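K.L.:
Sharing a structure with you now.
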Amino acid sequence: MTTPRPLVAGNWKMNGLVAALDELGALDAGLKASDPAPVCDVMICPPATLLAQAARRVKGPGSSILIGAQNCHREVSGAYTGDVSAEMLAEAGARAVIVGHSERRDKATYAETDEQVMEKAQACWRGGLSAIICIGETESQRRGGEALAVVSGQLLGSLPEGAKAENTVIAYEPVWAIGSGLTPTVDDVAEVHDLIRKLLVERMGNAGKRVRILYGGSVKPANARELMGVSNVNGALVGGASLKAADFLGIIAAYA
Ligand code: 13P
């Protein structure tokens with residue numbers, strides 16, 4: 001089976017003023033100094049306000065950091081106060097957009113549906129960007145034995161037809177593992193990632209083997225190597241530990 005090149009992506013969420021770009025600089029310097037270089041792609045998804053500056057910051061010779069965004073609107077433009085389109089994010093320097101993060105699917109906040117997430121993924125492709133489609137069960141769903149059904153439903157409901165390995169990344173983030181310090185067992189991660197792979201291959205044929213499936217939820221330098229070694233885990237989507245270059249480099253080191 002073709003193993004996809006791993007991706008370690010940092011989601012800064014609503015964190016970071018201009019001064020935070022110093023961490024991006026430190027990350028860039030750390031990656032350039034890594035010998036051997038890690039065998040993975042590295043992405044940082046800062047808040048939209050920092051995108052353009054972040055993209056300029058990593059443009060220099062030898063820099064390999066990709067910049068991504070955290071959300072987009074489904075339309076190209078229009079009367080959608082406060083929203084940002086994929087085309088705008090692409091122009092600012094983004095290469096990918098996180099769509100359907102659990103913090104946006106959460107019924108108590110933005111309550112995004114699978115259908116909306118699918119529309120956003122299509123908008124990403126229209127704008128020439130990759131879509132990082134997030135899926136994952138809540139704690140009560142896991143306790144109720146529904147994790148696999150929830151993940152399957154979200155994947156099939158949010159992944160548009162026509163997905164390609166080049167423009168699609170899936171991120172499995174169990175909601176209860178996000179920001180909690182808790183992680184599933186490696187067996188539980190393998191069970192979900194193997195299922196996602198199977199569904200991708202059923203939907204996309206052989207191309208489904210090359211789609212990267214990231215694990216997210218309390219990934220830290222101390223557990224990265226173990227989690228990244230799990231079957232069908234092709235990288236990580238990292239929240240808190242992506243805010244400090246030293247921590248993020250410690251995670252990337254899993255691929256050194
Ligand atoms: P933490 O790494 O802080 O648990 O967050 C994970 C996440 O939500 C990344 O999108």
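Residue numbering restarts at 1 for every chain of the structure tokens, chains are lettered A, B, ... in their displayed order, and ligands are numbered from 1 as they appear.
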Just want the residues within 8 Å of ligand 1, written as a list of chain:residue names, counting only C-alpha atoms and all ligand atoms.
P.N.:
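So the residues close to ligand 1 are A:Gly10, A:Asn11, A:Trp12, A:Lys13, A:His101, A:Ser102, A:Glu103, A:Glu173, A:Val175, A:Ala177, A:Ile178, A:Gly179, A:Ser180, A:Gly181, A:Gly216, A:Gly217, A:Ser218, A:Val219, A:Lys220, A:Leu237, A:Val238, A:Gly239, A:Gly240, A:Ala241, A:Ser242.
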K.L.:
Give me the residues within 6 Å of region 25-40 of chain A as a list in words, counting only C-alpha atoms and dropping any in the same chain fewer than 4 places off.
P.N.:
Arg5, Pro6, Leu7, Ala245, Tyr255 and Ala256 of chain A
K.L.:
Dump all heavy atoms for the selected residues as a short mmCIF file (atom, residue, chain, number, x, y, z; two decimals), in the first residue's frame?
P.N.:
data_model
loop_
_atom_site.label_atom_id
_atom_site.label_comp_id
_atom_site.auth_asym_id
_atom_site.auth_seq_id
_atom_site.Cartn_x
_atom_site.Cartn_y
_atom_site.Cartn_z
N ARG A 5 2.75 10.78 2.47
CA ARG A 5 3.72 11.57 3.23
C ARG A 5 2.97 12.20 4.41
O ARG A 5 1.95 12.84 4.22
CB ARG A 5 4.31 12.66 2.34
CG ARG A 5 5.35 13.53 3.03
CD ARG A 5 5.94 14.52 2.03
NE ARG A 5 6.69 15.58 2.68
CZ ARG A 5 7.99 15.50 2.99
NH1 ARG A 5 8.65 14.42 2.69
NH2 ARG A 5 8.61 16.50 3.59
N PRO A 6 3.47 12.01 5.62
CA PRO A 6 2.73 12.53 6.78
C PRO A 6 2.63 14.06 6.78
O PRO A 6 3.44 14.75 6.17
CB PRO A 6 3.54 12.05 7.98
CG PRO A 6 4.44 10.98 7.47
CD PRO A 6 4.68 11.29 6.02
N LEU A 7 1.65 14.53 7.51
CA LEU A 7 1.44 15.98 7.70
C LEU A 7 1.27 16.24 9.19
O LEU A 7 0.44 15.59 9.84
CB LEU A 7 0.17 16.42 6.95
CG LEU A 7 -0.36 17.82 7.27
CD1 LEU A 7 0.62 18.91 6.81
CD2 LEU A 7 -1.73 18.04 6.62
N ALA A 245 6.97 26.76 19.58
CA ALA A 245 7.80 26.09 18.58
C ALA A 245 8.48 24.85 19.16
O ALA A 245 8.55 23.80 18.51
CB ALA A 245 8.83 27.06 18.02
N TYR A 255 8.78 12.15 13.28
CA TYR A 255 9.07 11.79 11.88
C TYR A 255 10.53 12.05 11.50
O TYR A 255 10.85 12.11 10.32
CB TYR A 255 8.12 12.54 10.95
CG TYR A 255 6.72 12.05 11.08
CD1 TYR A 255 5.72 12.83 11.64
CD2 TYR A 255 6.37 10.77 10.64
CE1 TYR A 255 4.42 12.37 11.78
CE2 TYR A 255 5.08 10.29 10.78
CZ TYR A 255 4.11 11.09 11.34
OH TYR A 255 2.84 10.63 11.49
N ALA A 256 11.39 12.24 12.50
CA ALA A 256 12.81 12.49 12.19
C ALA A 256 13.50 11.18 11.87
O ALA A 256 13.10 10.13 12.35
CB ALA A 256 13.49 13.18 13.35
#
K.L.:
Please extract the residues of region 1-185 of chain A with a backbone DSSP assignment of helix (DSSP H, G or I) and present them as number ranges by chain.
P.N.:
A: 18-33, 48-57, 86-92, 102-105, 114-126, 139-143, 147-158, 175-177
K.L.:
Give the answer as one residue: which of A:Arg212, A:Arg57, A:Lys198, A:His73 has the shortest atom-to-atom distance to Val18 (chain A), using only C-alpha atoms?
P.N.:
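Selected residue with least distance to Val18 (chain A): A:Arg57.
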K.L.:
To one decimal place, how far is CA of Ser130 (chain A) from CA of Ala90 (chain A) in Å?
P.N.:
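For CA of Ser130 (chain A) relative to CA of Ala90 (chain A), the distance reads 10.1 Å.
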K.L.:
Please report, as a ChimeraX atom specification, each residue of region 11-253 of chain A to which DSSP assigns strand (DSSP E) when run on this structure's backbone.
P.N.:
/A:11,41-45,65-69,96-99,130-135,168-172,212-216,235-238
K.L.:
Write out as a PyMOL selection string which residues come within 6 Å of Ala236 (chain A) when counting only C-alpha atoms, dropping same-chain ones fewer than 6 positions away.
P.N.:
chain A and resi 8+214-216
K.L.:
List the neighbours of Val58 (chain A) out to 10 Å using only C-alpha atoms; skip same-chain residues closer than 4 positions along the sequence, and give me the result as a ChimeraX atom specification.
P.N.:
/A:24-25,27-28,53-54,62-67
K.L.:
Could the residues in this selection be written to a file with N, CA and C atoms, as a PDB file, in the first residue's frame?
P.N.:
ATOM      1  N   LEU A  24       6.532  31.200  15.001  1.00  0.00           N
ATOM      2  CA  LEU A  24       6.620  30.669  13.640  1.00  0.00           C
ATOM      3  C   LEU A  24       8.064  30.777  13.141  1.00  0.00           C
ATOM      4  N   GLY A  25       8.691  31.900  13.446  1.00  0.00           N
ATOM      5  CA  GLY A  25      10.097  32.082  13.076  1.00  0.00           C
ATOM      6  C   GLY A  25      10.980  31.045  13.756  1.00  0.00           C
ATOM      7  N   LEU A  27      10.036  28.129  14.802  1.00  0.00           N
ATOM      8  CA  LEU A  27       9.725  26.821  14.206  1.00  0.00           C
ATOM      9  C   LEU A  27      10.491  26.661  12.897  1.00  0.00           C
ATOM     10  N   ASP A  28      10.462  27.704  12.098  1.00  0.00           N
ATOM     11  CA  ASP A  28      11.159  27.684  10.810  1.00  0.00           C
ATOM     12  C   ASP A  28      12.657  27.434  11.035  1.00  0.00           C
ATOM     13  N   GLN A  53       0.646  37.706   7.037  1.00  0.00           N
ATOM     14  CA  GLN A  53       1.979  37.927   7.623  1.00  0.00           C
ATOM     15  C   GLN A  53       2.705  36.604   7.830  1.00  0.00           C
ATOM     16  N   ALA A  54       1.959  35.594   8.269  1.00  0.00           N
ATOM     17  CA  ALA A  54       2.575  34.277   8.490  1.00  0.00           C
ATOM     18  C   ALA A  54       3.090  33.718   7.169  1.00  0.00           C
ATOM     19  N   GLY A  62      14.376  27.934   1.548  1.00  0.00           N
ATOM     20  CA  GLY A  62      14.579  26.781   2.429  1.00  0.00           C
ATOM     21  C   GLY A  62      13.458  26.551   3.411  1.00  0.00           C
ATOM     22  N   SER A  63      12.496  27.467   3.471  1.00  0.00           N
ATOM     23  CA  SER A  63      11.408  27.257   4.421  1.00  0.00           C
ATOM     24  C   SER A  63      10.404  26.269   3.840  1.00  0.00           C
ATOM     25  N   SER A  64       9.972  25.359   4.678  1.00  0.00           N
ATOM     26  CA  SER A  64       9.071  24.322   4.172  1.00  0.00           C
ATOM     27  C   SER A  64       7.723  24.360   4.879  1.00  0.00           C
ATOM     28  N   ILE A  65       7.487  25.400   5.682  1.00  0.00           N
ATOM     29  CA  ILE A  65       6.236  25.449   6.445  1.00  0.00           C
ATOM     30  C   ILE A  65       5.091  25.919   5.543  1.00  0.00           C
ATOM     31  N   LEU A  66       4.003  25.183   5.588  1.00  0.00           N
ATOM     32  CA  LEU A  66       2.800  25.567   4.857  1.00  0.00           C
ATOM     33  C   LEU A  66       1.892  26.341   5.816  1.00  0.00           C
ATOM     34  N   ILE A  67       1.101  27.232   5.250  1.00  0.00           N
ATOM     35  CA  ILE A  67       0.170  28.001   6.075  1.00  0.00           C
ATOM     36  C   ILE A  67      -1.253  27.586   5.717  1.00  0.00           C
TER      37      ILE A  67
END
K.L.:
Check the smallest atom-to-atom distance from each of A:Ser152, A:Ser85, A:Thr109, A:Asn234 to Leu200 (chain A) using only C-alpha atoms, then report the winner.
P.N.:
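Under the stated criterion, the closest residue is A:Ser152.
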K.L.:
Using only C-alpha atoms, which protein or nucleic acid residues come within 12 Å of Val201 (chain A)? Drop anything in the same chain fewer than 6 positions from it, and give the result as a JSON list (two decimals) with N, CA and C atoms, in the first residue's frame.
P.N.:
[["chain", "number", "residue", "atom", "x", "y", "z"],
["A", 1, "MET", "N", 0.84, -1.21, 0.00],
["A", 1, "MET", "CA", 0.00, 0.00, 0.00],
["A", 1, "MET", "C", 0.87, 1.26, 0.00],
["A", 156, "LEU", "N", -18.78, 10.21, 5.71],
["A", 156, "LEU", "CA", -19.54, 10.05, 4.46],
["A", 156, "LEU", "C", -20.43, 11.26, 4.21],
["A", 163, "ALA", "N", -13.41, 13.90, -4.33],
["A", 163, "ALA", "CA", -12.24, 14.16, -3.49],
["A", 163, "ALA", "C", -11.01, 13.51, -4.11],
["A", 164, "LYS", "N", -9.88, 14.20, -3.99],
["A", 164, "LYS", "CA", -8.61, 13.65, -4.45],
["A", 164, "LYS", "C", -7.65, 13.62, -3.26],
["A", 165, "ALA", "N", -6.68, 12.72, -3.34],
["A", 165, "ALA", "CA", -5.69, 12.63, -2.26],
["A", 165, "ALA", "C", -4.92, 13.94, -2.13],
["A", 194, "ASP", "N", -8.36, 2.75, 10.76],
["A", 194, "ASP", "CA", -8.52, 1.66, 9.77],
["A", 194, "ASP", "C", -9.91, 1.74, 9.12],
["A", 195, "LEU", "N", -10.90, 2.08, 9.94],
["A", 195, "LEU", "CA", -12.26, 2.23, 9.39],
["A", 195, "LEU", "C", -12.31, 3.39, 8.39],
["A", 207, "ALA", "N", -7.16, 5.89, -4.86],
["A", 207, "ALA", "CA", -6.76, 7.22, -4.38],
["A", 207, "ALA", "C", -7.02, 7.34, -2.87],
["A", 208, "GLY", "N", -8.00, 6.58, -2.39],
["A", 208, "GLY", "CA", -8.32, 6.62, -0.97],
["A", 208, "GLY", "C", -7.19, 6.12, -0.08],
["A", 209, "LYS", "N", -6.27, 5.38, -0.69],
["A", 209, "LYS", "CA", -5.11, 4.88, 0.08],
["A", 209, "LYS", "C", -4.10, 6.00, 0.33],
["A", 210, "ARG", "N", -4.18, 7.06, -0.50],
["A", 210, "ARG", "CA", -3.17, 8.12, -0.40],
["A", 210, "ARG", "C", -3.66, 9.34, 0.38],
["A", 211, "VAL", "N", -4.92, 9.33, 0.79],
["A", 211, "VAL", "CA", -5.42, 10.45, 1.59],
["A", 211, "VAL", "C", -4.81, 10.38, 2.98]]
K.L.:
Which one of A:Val186, A:Leu129, A:Leu17, A:Val192 sits closest to Val150 (chain A) if you count only C-alpha atoms?
P.N.:
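Looking at the shortest contact to Val150 (chain A), the residue is A:Val192.
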K.L.:
Which is closer to Arg74 (chain A) than all the others in A:Thr138, A:Gln154, A:Gln122, A:Thr49, using only C-alpha atoms?
P.N.:
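The answer is A:Gln122, which sits nearest to Arg74 (chain A).
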